[in-house]
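**Q** So here's query.json, just JSON, C-alpha atoms:
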[["chain", "number", "residue", "atom", "x", "y", "z"],
["A", 77, "MET", "CA", 98.84, 85.80, 135.66],
["A", 78, "PHE", "CA", 98.82, 82.38, 133.99],
["A", 79, "ASN", "CA", 98.68, 81.97, 130.25],
["A", 80, "PHE", "CA", 97.27, 78.52, 129.52],
["A", 81, "LYS", "CA", 96.12, 77.34, 126.12],
["A", 82, "LEU", "CA", 93.82, 74.35, 125.91],
["A", 83, "TYR", "CA", 93.76, 72.03, 122.93],
["A", 84, "PHE", "CA", 91.09, 69.37, 122.62],
["A", 85, "ALA", "CA", 92.52, 66.71, 120.35],
["A", 86, "LYS", "CA", 91.70, 63.14, 119.43],
["A", 87, "SER", "CA", 95.29, 62.15, 118.70],
["A", 88, "ILE", "CA", 98.81, 63.47, 119.06],
["A", 89, "LYS", "CA", 98.90, 64.38, 115.36],
["A", 90, "ASP", "CA", 95.68, 66.37, 115.78],
["A", 91, "PHE", "CA", 97.21, 68.18, 118.77],
["A", 92, "ILE", "CA", 100.36, 69.06, 116.80],
["A", 93, "ASN", "CA", 98.34, 70.36, 113.86],
["A", 94, "GLN", "CA", 96.13, 72.51, 116.11],
["A", 95, "ARG", "CA", 99.13, 73.93, 117.93],
["A", 96, "GLU", "CA", 100.96, 74.75, 114.70],
["A", 97, "LYS", "CA", 97.89, 76.56, 113.34],
["A", 98, "LYS", "CA", 97.03, 78.52, 116.51],
["A", 99, "GLU", "CA", 100.54, 79.53, 117.54],
["A", 100, "GLY", "CA", 102.05, 79.77, 114.07],
["A", 101, "ILE", "CA", 105.13, 77.75, 114.98],
["A", 102, "LYS", "CA", 106.47, 74.52, 113.59],
["A", 103, "ASN", "CA", 106.94, 71.58, 115.92],
["A", 104, "ILE", "CA", 110.52, 70.59, 115.23],
["A", 105, "PHE", "CA", 110.96, 68.04, 117.99],
["A", 106, "PHE", "CA", 108.57, 65.14, 117.97],
["A", 107, "LYS", "CA", 110.17, 61.76, 117.84],
["A", 108, "LYS", "CA", 108.93, 58.65, 119.56],
["A", 109, "VAL", "CA", 111.21, 56.80, 121.91],
["A", 110, "ASP", "CA", 111.26, 53.02, 122.24],
["A", 111, "ASN", "CA", 108.70, 51.27, 124.42],
["A", 112, "ASN", "CA", 111.47, 50.05, 126.72],
["A", 113, "PHE", "CA", 113.02, 53.51, 127.03],
["A", 114, "PHE", "CA", 111.86, 54.02, 130.62],
["A", 115, "ASP", "CA", 113.11, 50.58, 131.65],
["A", 116, "LEU", "CA", 116.69, 51.51, 130.74],
["A", 117, "PRO", "CA", 119.20, 52.94, 133.21],
["A", 118, "ARG", "CA", 119.41, 56.71, 133.39],
["A", 119, "GLU", "CA", 122.74, 56.87, 131.52],
["A", 120, "LYS", "CA", 121.33, 54.92, 128.54],
["A", 121, "GLN", "CA", 118.23, 57.16, 128.49],
["A", 122, "LEU", "CA", 120.47, 60.22, 128.43],
["A", 123, "GLU", "CA", 122.57, 58.79, 125.57],
["A", 124, "ARG", "CA", 119.44, 58.12, 123.49],
["A", 125, "LEU", "CA", 118.03, 61.59, 124.14],
["A", 126, "VAL", "CA", 121.32, 63.22, 123.15],
["A", 127, "LYS", "CA", 121.40, 61.15, 119.95],
["A", 128, "ILE", "CA", 117.83, 62.17, 119.08],
["A", 129, "LEU", "CA", 118.60, 65.84, 119.73],
["A", 130, "GLU", "CA", 121.68, 65.68, 117.52],
["A", 131, "GLU", "CA", 119.61, 64.09, 114.73],
["A", 132, "GLN", "CA", 117.20, 67.01, 115.04],
["A", 133, "GLY", "CA", 120.03, 69.49, 114.47],
["A", 134, "PHE", "CA", 120.93, 70.47, 118.02],
["A", 135, "LYS", "CA", 124.59, 70.80, 118.93],
["A", 136, "ILE", "CA", 125.50, 69.37, 122.31],
["A", 137, "LYS", "CA", 128.47, 70.81, 124.21],
["A", 138, "LYS", "CA", 130.26, 68.14, 126.21]]
Would you write the structure of this file as structure tokens?
**A**
Amino acid sequence: MFNFKLYFAKSIKDFINQREKKEGIKNIFFKKVDNNFFDLPREKQLERLVKILEEQGFKIKK
């Protein structure tokens, strides 16, 4: 019924490498956000996320 995959990793980079090897897919979206990201208002958070997605090659319809 459920299809869970467990990854035991020491760091986020280790997790990404394990996932790429096991699932055979490339992680195309991994970009850190600022430390104060969650302190910003929702509109500013949304603007930053849209900007990051566009930098990654996504096209946003407005």
**Q** What would the list of residues within 10 Å of (113.6, 55.1, 121.3) (file frame) look like as JSON, numbers by chain, if all atoms listed in the file are what count?
**A** {"A": [107, 108, 109, 110, 111, 112, 113, 114, 121, 124, 125, 127, 128]}
**Q** If I take atom CA of Lys98 of chain A and atom CA of Ala85 of chain A, how far is one from the other in Å, to one decimal?
**A**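 These atoms are spaced 13.2 Å apart.
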**Q** Can you tell me how far atom CA of Phe78 of chain A sits from atom CA of Glu99 of chain A, in Å to one decimal?
**A** 16.8 Å
**Q** Could you tell me, as a compact mmCIF listing (two decimals) with C-alpha atoms, keeping the file's coordinate frame, which residues have any atom at most 10 Å from (93.9, 74.9, 124.2), counting all atoms listed in the file?
**A**
# COMPACT_ATOMS: atom_id res chain seq x y z
CA PHE A 80 97.27 78.52 129.52
CA LYS A 81 96.12 77.34 126.12
CA LEU A 82 93.82 74.35 125.91
CA TYR A 83 93.76 72.03 122.93
CA PHE A 84 91.09 69.37 122.62
CA ALA A 85 92.52 66.71 120.35
CA PHE A 91 97.21 68.18 118.77
CA GLN A 94 96.13 72.51 116.11
CA ARG A 95 99.13 73.93 117.93
CA LYS A 98 97.03 78.52 116.51
**Q** Tell me, in Å to one decimal, how far atom CA of Phe134 of chain A is from atom CA of Ile88 of chain A.
**A**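 That distance, rounded to one decimal, is 23.2 Å.
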**Q** Could you please fill out segment 102-123 of chain A with N, CA and C atoms and send it back as a tab-separated table (two decimals), keeping the file's coordinate frame?
**A**
chain	number	residue	atom	x	y	z
A	102	LYS	N	106.30	75.88	114.05
A	102	LYS	CA	106.47	74.52	113.59
A	102	LYS	C	107.03	73.68	114.71
A	103	ASN	N	106.45	72.50	114.91
A	103	ASN	CA	106.94	71.58	115.92
A	103	ASN	C	108.14	70.84	115.35
A	104	ILE	N	109.33	71.19	115.81
A	104	ILE	CA	110.52	70.59	115.23
A	104	ILE	C	111.02	69.40	116.02
A	105	PHE	N	110.48	69.15	117.18
A	105	PHE	CA	110.96	68.04	117.99
A	105	PHE	C	109.79	67.16	118.40
A	106	PHE	N	109.55	66.14	117.59
A	106	PHE	CA	108.57	65.14	117.97
A	106	PHE	C	109.03	63.82	117.41
A	107	LYS	N	109.67	63.06	118.24
A	107	LYS	CA	110.17	61.76	117.84
A	107	LYS	C	109.84	60.78	118.94
A	108	LYS	N	109.27	59.66	118.56
A	108	LYS	CA	108.93	58.65	119.56
A	108	LYS	C	110.18	57.95	120.06
A	109	VAL	N	110.14	57.60	121.33
A	109	VAL	CA	111.21	56.80	121.91
A	109	VAL	C	110.71	55.36	121.99
A	110	ASP	N	111.62	54.44	122.17
A	110	ASP	CA	111.26	53.02	122.24
A	110	ASP	C	110.33	52.75	123.42
A	111	ASN	N	109.59	51.65	123.33
A	111	ASN	CA	108.70	51.27	124.42
A	111	ASN	C	109.48	50.94	125.70
A	112	ASN	N	110.68	50.42	125.54
A	112	ASN	CA	111.47	50.05	126.72
A	112	ASN	C	112.37	51.18	127.19
A	113	PHE	N	112.17	52.37	126.69
A	113	PHE	CA	113.02	53.51	127.03
A	113	PHE	C	113.06	53.76	128.54
A	114	PHE	N	111.92	53.71	129.19
A	114	PHE	CA	111.86	54.02	130.62
A	114	PHE	C	112.34	52.87	131.50
A	115	ASP	N	112.56	51.70	130.90
A	115	ASP	CA	113.11	50.58	131.65
A	115	ASP	C	114.64	50.60	131.67
A	116	LEU	N	115.23	51.43	130.83
A	116	LEU	CA	116.69	51.51	130.74
A	116	LEU	C	117.26	52.31	131.90
A	117	PRO	N	118.54	52.11	132.19
A	117	PRO	CA	119.20	52.94	133.21
A	117	PRO	C	119.27	54.40	132.74
A	118	ARG	N	119.43	55.28	133.68
A	118	ARG	CA	119.41	56.71	133.39
A	118	ARG	C	120.47	57.11	132.37
A	119	GLU	N	121.65	56.53	132.45
A	119	GLU	CA	122.74	56.87	131.52
A	119	GLU	C	122.36	56.50	130.09
A	120	LYS	N	121.74	55.34	129.89
A	120	LYS	CA	121.33	54.92	128.54
A	120	LYS	C	120.22	55.83	128.01
A	121	GLN	N	119.29	56.23	128.89
A	121	GLN	CA	118.23	57.16	128.49
A	121	GLN	C	118.84	58.46	128.02
A	122	LEU	N	119.81	58.97	128.77
A	122	LEU	CA	120.47	60.22	128.43
A	122	LEU	C	121.18	60.11	127.08
A	123	GLU	N	121.88	59.00	126.85
A	123	GLU	CA	122.57	58.79	125.57
A	123	GLU	C	121.59	58.81	124.40
